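The next block is target14.cif, given as mmCIF, C-alpha atoms.
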data_final
loop_
_atom_site.label_atom_id
_atom_site.label_comp_id
_atom_site.auth_asym_id
_atom_site.auth_seq_id
_atom_site.Cartn_x
_atom_site.Cartn_y
_atom_site.Cartn_z
CA MET A 93 0.00 0.00 0.00
CA ASP A 94 1.46 3.32 -1.06
CA PRO A 95 1.77 5.93 1.70
CA VAL A 96 -0.70 8.80 1.76
CA ILE A 97 1.17 11.87 3.00
CA VAL A 98 -0.79 14.49 4.93
CA GLY A 99 0.24 17.92 6.18
CA ILE A 100 -0.13 18.53 9.91
CA ARG A 101 0.18 21.84 11.73
CA PHE A 102 0.80 22.02 15.48
CA GLN A 103 0.04 25.73 15.82
CA GLU A 104 -2.66 27.91 14.31
CA VAL A 105 0.00 29.79 12.33
CA GLY A 106 3.03 27.63 11.84
CA LYS A 107 5.03 25.33 9.62
CA LEU A 108 3.40 22.37 7.89
CA TYR A 109 4.90 18.96 8.72
CA HIS A 110 4.41 15.81 6.64
CA PHE A 111 3.34 12.42 8.03
CA ASP A 112 2.38 9.01 6.65
CA SER A 113 -1.33 8.37 7.30
CA ARG A 114 -1.48 4.63 6.48
CA ASN A 115 -2.29 3.78 10.11
CA VAL A 116 -5.42 5.94 9.86
CA PRO A 117 -6.58 5.53 6.23
CA ASP A 118 -9.86 7.43 6.66
CA ILE A 119 -8.34 10.53 8.23
CA LYS A 120 -9.29 13.81 6.56
CA ALA A 121 -8.60 17.56 6.68
CA GLY A 122 -9.76 19.08 9.96
CA ASP A 123 -9.16 15.96 12.06
CA PHE A 124 -6.73 15.98 14.99
CA ALA A 125 -4.01 13.35 15.13
CA ILE A 126 -1.40 12.09 17.60
CA VAL A 127 2.16 11.85 16.27
CA HIS A 128 5.60 11.32 17.75
CA THR A 129 8.13 14.11 17.12
CA SER A 130 11.58 15.06 18.38
CA ARG A 131 9.81 17.02 21.14
CA GLY A 132 7.72 14.07 22.30
CA HIS A 133 4.14 13.14 21.55
CA GLN A 134 2.24 16.01 19.98
CA MET A 135 -1.28 16.65 18.79
CA GLY A 136 -1.71 18.42 15.49
CA ARG A 137 -4.44 19.26 13.02
CA VAL A 138 -4.55 17.67 9.56
CA MET A 139 -4.60 20.44 6.96
CA GLY A 140 -4.94 18.24 3.87
CA ILE A 141 -3.40 15.54 1.68
CA ILE A 142 -0.09 16.42 0.03
CA GLN A 143 -0.31 15.46 -3.66
CA ASN A 144 3.39 15.80 -4.54
CA PRO A 145 5.28 15.60 -1.26
CA PRO A 146 9.04 16.27 -1.19
CA LYS A 147 11.47 13.51 -0.29
CA PRO A 148 11.49 12.61 3.41
CA PRO A 149 14.44 14.07 5.35
CA ARG A 150 15.47 10.74 6.90
CA GLY A 151 14.58 7.88 4.58
CA THR A 152 10.89 7.48 5.43
CA TRP A 153 8.07 9.64 6.74
CA LYS A 154 7.00 9.26 10.36
CA LYS A 155 3.58 7.69 10.71
CA ILE A 156 0.50 9.05 12.39
CA GLU A 157 -0.05 6.94 15.50
CA ARG A 158 -3.80 7.45 15.82
CA ARG A 159 -6.66 9.89 15.49
CA ALA A 160 -7.11 12.12 18.55
CA THR A 161 -10.07 11.32 20.80
CA ALA A 162 -12.33 13.74 22.67
CA GLY A 163 -10.37 12.88 25.82
CA ASP A 164 -7.10 13.84 24.11
CA LEU A 165 -8.53 17.24 23.18
CA VAL A 166 -9.62 17.89 26.77
CA LEU A 167 -6.21 16.76 28.06
CA ARG A 168 -4.43 19.15 25.73
CA GLN A 169 -6.61 22.06 26.86
CA THR A 170 -5.78 21.20 30.48
CA TRP A 171 -2.04 21.40 29.89
CA GLU A 172 -2.37 24.56 27.77
CA LYS A 173 -3.98 26.32 30.73
CA LYS A 174 -0.91 25.49 32.83
CA GLU A 175 1.54 26.96 30.30
CA VAL A 176 1.11 30.57 31.47
CA GLU A 177 1.87 29.53 35.05
CA ALA A 178 4.95 27.63 33.87
CA LEU A 179 6.13 30.69 31.92
CA ILE A 180 5.79 32.94 34.99
CA ASN A 181 7.68 30.43 37.15
CA CYS A 182 10.48 30.10 34.61
CA ARG A 183 10.90 33.88 34.32
CA ALA A 184 11.08 34.13 38.13
CA GLU A 185 13.75 31.42 38.31
CA THR A 186 15.67 33.10 35.49
CA SER A 187 15.86 36.25 37.59
CA LYS A 188 16.93 34.27 40.68
CA VAL A 189 19.89 32.61 38.96
CA GLY A 190 21.00 35.95 37.49
CA LEU A 191 20.44 35.26 33.80
CA LYS A 192 19.86 38.80 32.54
CA ASN A 193 20.79 38.20 28.91
CA ILE A 194 17.88 35.92 27.94
CA LYS A 195 14.12 36.36 27.52
CA ILE A 196 11.82 33.44 28.22
CA VAL A 197 9.14 33.74 25.56
CA LYS A 198 6.85 30.76 26.00
CA GLY A 199 6.33 27.50 27.86
CA GLU A 200 4.89 24.55 25.91
CA PHE A 201 3.63 21.28 27.38
CA THR A 202 3.27 18.27 25.13
CA PHE A 203 -0.35 17.15 24.94
CA ASP A 204 0.29 14.39 27.54
CA GLY A 205 2.19 16.73 29.91
CA LEU A 206 5.32 14.55 30.00
CA ARG A 207 7.58 17.22 28.53
CA LEU A 208 7.80 20.99 29.06
CA ASN A 209 9.66 23.04 26.47
CA PHE A 210 10.69 26.62 27.20
CA LEU A 211 11.41 28.89 24.24
CA TYR A 212 13.88 31.69 24.86
CA ASN A 213 15.65 34.42 22.88
CA SER A 214 18.98 36.10 23.50
CA GLU A 215 21.02 38.77 21.74
CA GLU A 216 24.18 37.22 23.17
CA GLU A 217 26.09 35.08 20.68
CA GLY A 218 27.30 31.58 21.50
CA ASP A 219 25.99 28.99 23.94
CA ILE A 220 24.44 30.05 27.24
CA ASN A 221 24.74 27.89 30.35
CA LEU A 222 21.19 27.11 31.45
CA THR A 223 21.99 24.08 33.63
CA LYS A 224 21.10 25.79 36.92
CA LEU A 225 17.85 27.13 35.51
CA GLN A 226 16.85 23.69 34.27
CA LYS A 227 17.59 22.14 37.67
CA ASN A 228 15.42 24.72 39.43
CA MET A 229 12.54 24.12 37.02
CA LYS A 230 12.92 20.38 37.46
CA LYS A 231 12.28 20.86 41.19
CA LEU A 232 9.02 22.66 40.38
CA TYR A 233 7.98 20.01 37.83
CA PRO A 234 9.60 16.77 39.07
CA ASN A 235 7.63 14.41 36.81
CA THR A 236 8.21 16.41 33.64
CA LYS A 237 11.18 16.53 31.30
CA ILE A 238 12.41 20.13 31.03
CA GLU A 239 13.98 21.41 27.80
CA MET A 240 15.22 24.85 26.80
CA ARG A 241 15.10 25.81 23.11
CA ARG A 242 16.56 28.96 21.63
CA ILE A 243 14.61 30.79 18.91
CA GLY A 244 15.55 33.63 16.57
CA PRO A 245 14.28 37.23 16.61
CA ARG A 246 11.64 36.58 13.92
CA ASP A 247 10.11 33.68 15.86
CA PHE A 248 10.28 35.82 18.99
CA ALA A 249 8.25 38.56 17.27
CA ARG A 250 5.76 35.97 15.97
CA ILE A 251 5.03 34.67 19.48
CA VAL A 252 4.93 38.08 21.19
CA GLY A 253 2.67 39.51 18.47
CA GLY A 254 1.49 43.12 18.44
CA MET A 255 0.44 45.70 15.86
CA GLY A 256 2.38 45.85 12.61
CA ALA A 257 4.19 48.96 11.42
CA CYS A 258 1.63 49.27 8.61
CA GLY A 259 -1.23 49.55 11.09
CA MET A 260 -2.49 45.96 10.89
CA GLU A 261 -3.88 44.66 14.18
CA ALA A 262 -1.45 41.73 14.01
CA ARG A 263 1.95 41.37 12.42
CA CYS A 264 2.23 39.26 9.28
CA CYS A 265 4.32 36.65 11.12
CA SER A 266 1.61 36.26 13.77
CA LYS A 267 -1.33 36.29 11.38
CA PHE A 268 -0.55 34.22 8.28
CA LEU A 269 3.17 33.68 7.56
CA THR A 270 4.03 30.01 8.02
CA GLU A 271 7.70 30.32 7.02
CA PHE A 272 10.23 33.15 6.83
CA SER A 273 11.72 33.97 3.42
CA PRO A 274 15.19 35.49 3.00
CA ILE A 275 14.95 39.30 2.76
CA SER A 276 17.71 41.55 1.38
CA ILE A 277 18.33 45.28 1.12
CA LYS A 278 18.20 44.81 -2.67
CA MET A 279 14.44 44.30 -2.42
CA ALA A 280 13.97 47.68 -0.76
CA LYS A 281 16.10 49.42 -3.41
CA ALA A 282 14.14 47.82 -6.27
CA GLN A 283 10.87 49.20 -4.86
CA GLY A 284 12.21 52.68 -4.18
CA VAL A 285 11.66 52.29 -0.43
CA SER A 286 13.60 54.61 1.86
CA LEU A 287 16.66 52.88 3.28
CA ASP A 288 16.17 54.57 6.63
CA PRO A 289 16.32 51.70 9.21
CA SER A 290 13.07 52.88 10.79
CA GLU A 291 11.33 52.46 7.40
CA ILE A 292 12.53 48.98 6.47
CA THR A 293 13.12 47.30 9.84
CA GLY A 294 10.42 45.27 11.56
CA MET A 295 9.70 44.93 15.28
CA CYS A 296 12.09 41.96 15.34
CA GLY A 297 15.02 44.16 14.34
CA ARG A 298 15.33 42.46 10.94
CA LEU A 299 14.26 43.62 7.48
CA ARG A 300 10.47 43.58 7.12
CA CYS A 301 8.95 40.43 5.65
CA CYS A 302 6.57 42.52 3.51
CA LEU A 303 9.50 43.71 1.35
CA ILE A 304 9.24 40.45 -0.60
CA TYR A 305 5.51 40.69 -1.38
CA GLU A 306 5.76 42.94 -4.48
CA TYR A 307 9.46 42.56 -5.24
CA GLU A 308 9.04 40.34 -8.34
CA GLN A 309 6.41 42.65 -9.81
CA TYR A 310 8.74 45.64 -9.43
CA VAL A 311 11.65 43.77 -11.04
CA GLU A 312 9.50 42.70 -13.99
CA ALA A 313 8.02 46.19 -14.44
CA ARG A 314 11.42 47.90 -14.41
CA LYS A 315 12.65 45.81 -17.35
CA THR A 316 10.59 47.90 -19.80
CA LEU A 317 11.28 51.33 -18.26
CA PRO A 318 14.29 53.62 -18.75
CA LYS A 319 16.54 54.14 -15.74
CA ARG A 320 16.98 57.40 -13.86
CA LYS A 321 19.16 60.05 -15.55
CA LYS A 322 18.46 58.59 -19.01
CA ARG A 323 17.57 61.11 -21.74
CA VAL A 324 14.24 60.58 -23.48
CA ILE A 325 12.06 62.26 -26.10
CA THR A 326 8.56 63.22 -24.95
CA PRO A 327 5.61 64.87 -26.72
CA ALA A 328 6.83 68.14 -25.17
CA GLY A 329 10.44 67.69 -26.25
CA GLU A 330 13.67 66.32 -24.84
CA GLY A 331 14.11 65.61 -21.12
CA LYS A 332 15.80 63.50 -18.47
CA VAL A 333 14.20 60.76 -16.35
CA ILE A 334 14.28 61.76 -12.67
CA ASP A 335 11.96 59.12 -11.21
CA VAL A 336 10.57 55.72 -12.20
CA LEU A 337 7.06 54.49 -11.33
CA PRO A 338 7.22 50.73 -12.10
CA LEU A 339 3.70 49.68 -11.13
CA LYS A 340 2.18 52.56 -13.15
CA GLN A 341 4.53 51.83 -16.09
CA ALA A 342 5.41 55.51 -16.14
CA VAL A 343 8.34 57.86 -15.52
CA VAL A 344 8.75 61.43 -14.29
CA VAL A 345 10.72 63.55 -16.75
CA ARG A 346 12.39 66.92 -16.22
CA LEU A 347 11.99 68.76 -19.53
CA THR A 348 15.09 70.45 -20.90
CA GLU A 349 13.25 73.43 -22.34
CA ASP A 350 11.52 74.82 -19.23
CA ASN A 351 12.86 72.57 -16.42
CA THR A 352 9.35 71.38 -15.46
CA ARG A 353 8.53 67.91 -14.10
CA VAL A 354 5.97 65.90 -16.09
CA GLU A 355 4.78 62.31 -15.69
CA TYR A 356 4.60 60.24 -18.90
CA SER A 357 3.52 56.65 -19.54
CA ILE A 358 5.96 54.38 -21.34
CA GLU A 359 3.91 54.65 -24.58
CA ASP A 360 4.49 58.43 -24.72
CA ILE A 361 8.29 58.45 -24.58
CA GLU A 362 11.12 57.32 -26.83
CA PRO A 363 14.75 56.69 -25.87
CA TRP A 364 16.95 59.61 -26.90
CA ALA A 365 20.04 57.42 -27.45
CA GLU A 366 18.35 55.23 -30.08
CA LEU A 367 16.90 58.19 -31.97
CA GLU A 368 20.26 59.95 -31.90
CA ALA A 369 21.97 56.83 -33.25
CA LEU A 370 19.46 56.61 -36.13
CA ARG A 371 19.92 60.33 -36.91
CA LYS A 372 23.71 59.94 -37.09
CA LYS A 373 23.42 56.85 -39.23
CA SER A 374 21.14 58.64 -41.70
CA LYS A 375 23.86 61.29 -42.26
CA GLU A 376 26.62 58.77 -42.92
CA PRO A 377 27.72 58.24 -46.58
CA CYS A 378 26.61 55.14 -48.43
CA SER A 379 28.97 52.21 -47.86
CA ILE A 380 28.76 51.31 -51.60
CA HIS A 381 28.67 54.63 -53.48
CA GLY A 382 30.08 57.00 -50.89
CA ASP A 383 28.99 60.61 -51.33
CA SER A 384 28.77 60.48 -55.14
CA GLY A 385 25.13 60.22 -56.29
CA CYS A 386 23.97 57.25 -54.23
CA SER A 387 20.60 55.89 -55.41
CA CYS A 388 20.30 52.91 -53.03
CA ASN A 389 17.35 54.35 -51.15
CA ARG A 390 15.62 55.32 -54.44
CA ASN A 391 16.13 51.81 -55.88
CA ASP A 392 14.83 50.27 -52.66
CA ARG A 393 11.69 52.39 -52.90
CA ARG A 394 11.17 51.33 -56.55
CA LYS A 395 11.47 47.65 -55.61
CA LYS A 396 8.88 48.05 -52.85
CA THR A 397 6.51 49.85 -55.25
CA ASN A 398 6.86 47.11 -57.94
CA ASN A 399 6.28 44.39 -55.34
CA LYS A 400 3.06 46.09 -54.23
CA LYS A 401 1.82 46.31 -57.88
CA LYS A 402 2.47 42.60 -58.37
#

Translate the structure described by the file into structure tokens.
Amino acid sequence: MDPVIVGIRFQEVGKLYHFDSRNVPDIKAGDFAIVHTSRGHQMGRVMGIIQNPPKPPRGTWKKIERRATAGDLVLRQTWEKKEVEALINCRAETSKVGLKNIKIVKGEFTFDGLRLNFLYNSEEEGDINLTKLQKNMKKLYPNTKIEMRRIGPRDFARIVGGMGACGMEARCCSKFLTEFSPISIKMAKAQGVSLDPSEITGMCGRLRCCLIYEYEQYVEARKTLPKRKKRVITPAGEGKVIDVLPLKQAVVVRLTEDNTRVEYSIEDIEPWAELEALRKKSKEPCSIHGDSGCSCNRNDRRKKTNNKKK
């Protein structure tokens, strides 16, 4: 029997993980399932069947153990209610042991309560000794395995949440982004965005994720437009491009004659360099007859006229 791979998500907004559903052949999107992961037994929601799944990272896909029961759902809710208390306790112990360079972001119980994972962030590079903190937490939760997991600034911002710089009630990472794409300063330049750090930096201290949303459209649109400082011919005469409006397929031109700024669409302008090249070529002597009575153009016109009559 060929495996049927399904996508499972453990958080409302989070990465999709792939599992083999042969143990539960009738499972469908929306169902909850119990699976074993590197962080212990977890409960996740089936988001759908993966038609063309990628190759498994370690030979074979992990299998779904079983469909979650009503009792499993209640058990998970019970442990979720205790996560806030665990977070408060961990932050208090962090202060007691003198760890001032880390921020405890979240405490996560597995659905069976056998493991408690604490997510933390730190601006300090390198490994941080958390042995004493783990021992103190183990005293508070003696029957639970305690683990500390470091997360990056983007994941930190996703968990903390808050209003986005654009005015959205929730940041993109907290609302719908399931994975983080690489962002570069090149994307801001292509869109004409100010390179002021306050304009392009998100709450996480990294370049804003939204810089990638329209980047490809800007790159494609710029291919057909002249660059800044290029000379062009407009209906009002010669001028120089001083600004490019990719999504409008237009440019702003400073006219040479009266130094005014006028916006023109790409259909209304012609490149000055090409027209100047054609003008110079038209004044050059014939390569066959030189300057002495060349009739090449006249003969070409006669041939075209005869072809039309035929």

Which residues fall under the PyMOL selection byres ((chain A and resi 126-142) around 10) in this file, as a VMD selection string? chain A and resid 96 to 104 108 to 111 113 119 to 125 143 to 146 154 to 161 164 to 165 168 201 to 209 237 239

Using C-alpha atoms, can you export the residues from the last selection as a compact mmCIF listing (two decimals), in the frame of the given file?
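What landed in selection.txt:
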# COMPACT_ATOMS: atom_id res chain seq x y z
CA VAL A 96 -0.70 8.80 1.76
CA ILE A 97 1.17 11.87 3.00
CA VAL A 98 -0.79 14.49 4.93
CA GLY A 99 0.24 17.92 6.18
CA ILE A 100 -0.13 18.53 9.91
CA ARG A 101 0.18 21.84 11.73
CA PHE A 102 0.80 22.02 15.48
CA GLN A 103 0.04 25.73 15.82
CA GLU A 104 -2.66 27.91 14.31
CA LEU A 108 3.40 22.37 7.89
CA TYR A 109 4.90 18.96 8.72
CA HIS A 110 4.41 15.81 6.64
CA PHE A 111 3.34 12.42 8.03
CA SER A 113 -1.33 8.37 7.30
CA ILE A 119 -8.34 10.53 8.23
CA LYS A 120 -9.29 13.81 6.56
CA ALA A 121 -8.60 17.56 6.68
CA GLY A 122 -9.76 19.08 9.96
CA ASP A 123 -9.16 15.96 12.06
CA PHE A 124 -6.73 15.98 14.99
CA ALA A 125 -4.01 13.35 15.13
CA GLN A 143 -0.31 15.46 -3.66
CA ASN A 144 3.39 15.80 -4.54
CA PRO A 145 5.28 15.60 -1.26
CA PRO A 146 9.04 16.27 -1.19
CA LYS A 154 7.00 9.26 10.36
CA LYS A 155 3.58 7.69 10.71
CA ILE A 156 0.50 9.05 12.39
CA GLU A 157 -0.05 6.94 15.50
CA ARG A 158 -3.80 7.45 15.82
CA ARG A 159 -6.66 9.89 15.49
CA ALA A 160 -7.11 12.12 18.55
CA THR A 161 -10.07 11.32 20.80
CA ASP A 164 -7.10 13.84 24.11
CA LEU A 165 -8.53 17.24 23.18
CA ARG A 168 -4.43 19.15 25.73
CA PHE A 201 3.63 21.28 27.38
CA THR A 202 3.27 18.27 25.13
CA PHE A 203 -0.35 17.15 24.94
CA ASP A 204 0.29 14.39 27.54
CA GLY A 205 2.19 16.73 29.91
CA LEU A 206 5.32 14.55 30.00
CA ARG A 207 7.58 17.22 28.53
CA LEU A 208 7.80 20.99 29.06
CA ASN A 209 9.66 23.04 26.47
CA LYS A 237 11.18 16.53 31.30
CA GLU A 239 13.98 21.41 27.80

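The coordinates place CA of Ala249 in chain A at 10.2 Å from CA of Asn213 in chain A.
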
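Interatomic distance, CA of Val336 in chain A against CA of Asp350 in chain A: 20.4 Å.
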
Expressed in Å to a single decimal, how great is the separation between CA of Gln169 in chain A and CA of Thr223 in chain A? 29.5 Å

Any chance you could work out the residue set of the PyMOL selection byres ((chain A and resi 179) around 8) here, as a list in words?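 Evaluating the PyMOL selection byres ((chain A and resi 179) around 8) on this file yields Glu175, Val176, Glu177, Ala178, Ile180, Asn181, Cys182, Arg183, Ile196, Val197, Lys198, Gly199 and Phe210 of chain A.
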
Would you kindly translate the PyMOL selection byres ((chain A and resi 298-306) around 9) into the concrete residues it picks from this file, as a VMD selection string? chain A and resid 245 to 246 264 to 265 272 to 277 279 to 280 283 289 291 to 297 307 to 311

Resulting file, chosen residues, C-alpha atoms, as a compact mmCIF listing (two decimals), keeping the file's coordinate frame:
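Saved to result-v2.txt:
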# COMPACT_ATOMS: atom_id res chain seq x y z
CA PRO A 245 14.28 37.23 16.61
CA ARG A 246 11.64 36.58 13.92
CA CYS A 264 2.23 39.26 9.28
CA CYS A 265 4.32 36.65 11.12
CA PHE A 272 10.23 33.15 6.83
CA SER A 273 11.72 33.97 3.42
CA PRO A 274 15.19 35.49 3.00
CA ILE A 275 14.95 39.30 2.76
CA SER A 276 17.71 41.55 1.38
CA ILE A 277 18.33 45.28 1.12
CA MET A 279 14.44 44.30 -2.42
CA ALA A 280 13.97 47.68 -0.76
CA GLN A 283 10.87 49.20 -4.86
CA PRO A 289 16.32 51.70 9.21
CA GLU A 291 11.33 52.46 7.40
CA ILE A 292 12.53 48.98 6.47
CA THR A 293 13.12 47.30 9.84
CA GLY A 294 10.42 45.27 11.56
CA MET A 295 9.70 44.93 15.28
CA CYS A 296 12.09 41.96 15.34
CA GLY A 297 15.02 44.16 14.34
CA TYR A 307 9.46 42.56 -5.24
CA GLU A 308 9.04 40.34 -8.34
CA GLN A 309 6.41 42.65 -9.81
CA TYR A 310 8.74 45.64 -9.43
CA VAL A 311 11.65 43.77 -11.04

Centre and edge lengths of an axis-aligned box around all listed atoms of range 347-354 of chain A, with 4 Å added on each side, are to be given in Å to one decimal, as lines of an AutoDock Vina configuration file.
center_x = 10.5
center_y = 70.4
center_z = -18.2
size_x = 17.1
size_y = 16.9
size_z = 16.2

Given the point (17.6, 55.2, -18.4) in the coordinates of this file, which residues lie within 12 Å, counting all atoms listed in the file, and how would they look as a PyMOL selection string? chain A and resi 314-325+331-336+343-345+361-366

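Take the candidates A:Asp112, A:Glu215, A:Glu330, A:Glu312 and check each one against Ala282 in chain A using all atoms listed in the file; the shortest distance goes to A:Glu312.
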
Considering only C-alpha atoms, state which residue in the set A:Thr326, A:Arg263, A:Asp247, A:Ile358 is at the smallest distance from Arg346 in chain A. A:Thr326

In terms of the shortest atom-to-atom distance over all atoms listed in the file, which of A:Val105, A:Leu191, A:Leu167, A:Leu211 is closest to Arg241 in chain A? A:Leu211

Who sits within 12 Å of Gly190 in chain A, only C-alpha atoms, same chain under 4 positions skipped, as a VMD selection string: chain A and resid 183 to 186 194 221 to 222 224 to 225

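Here the question is which of A:Gln341, A:Gly244, A:Val116, A:Leu269 gets nearest to Glu216 in chain A using only C-alpha atoms, and that residue is A:Gly244.
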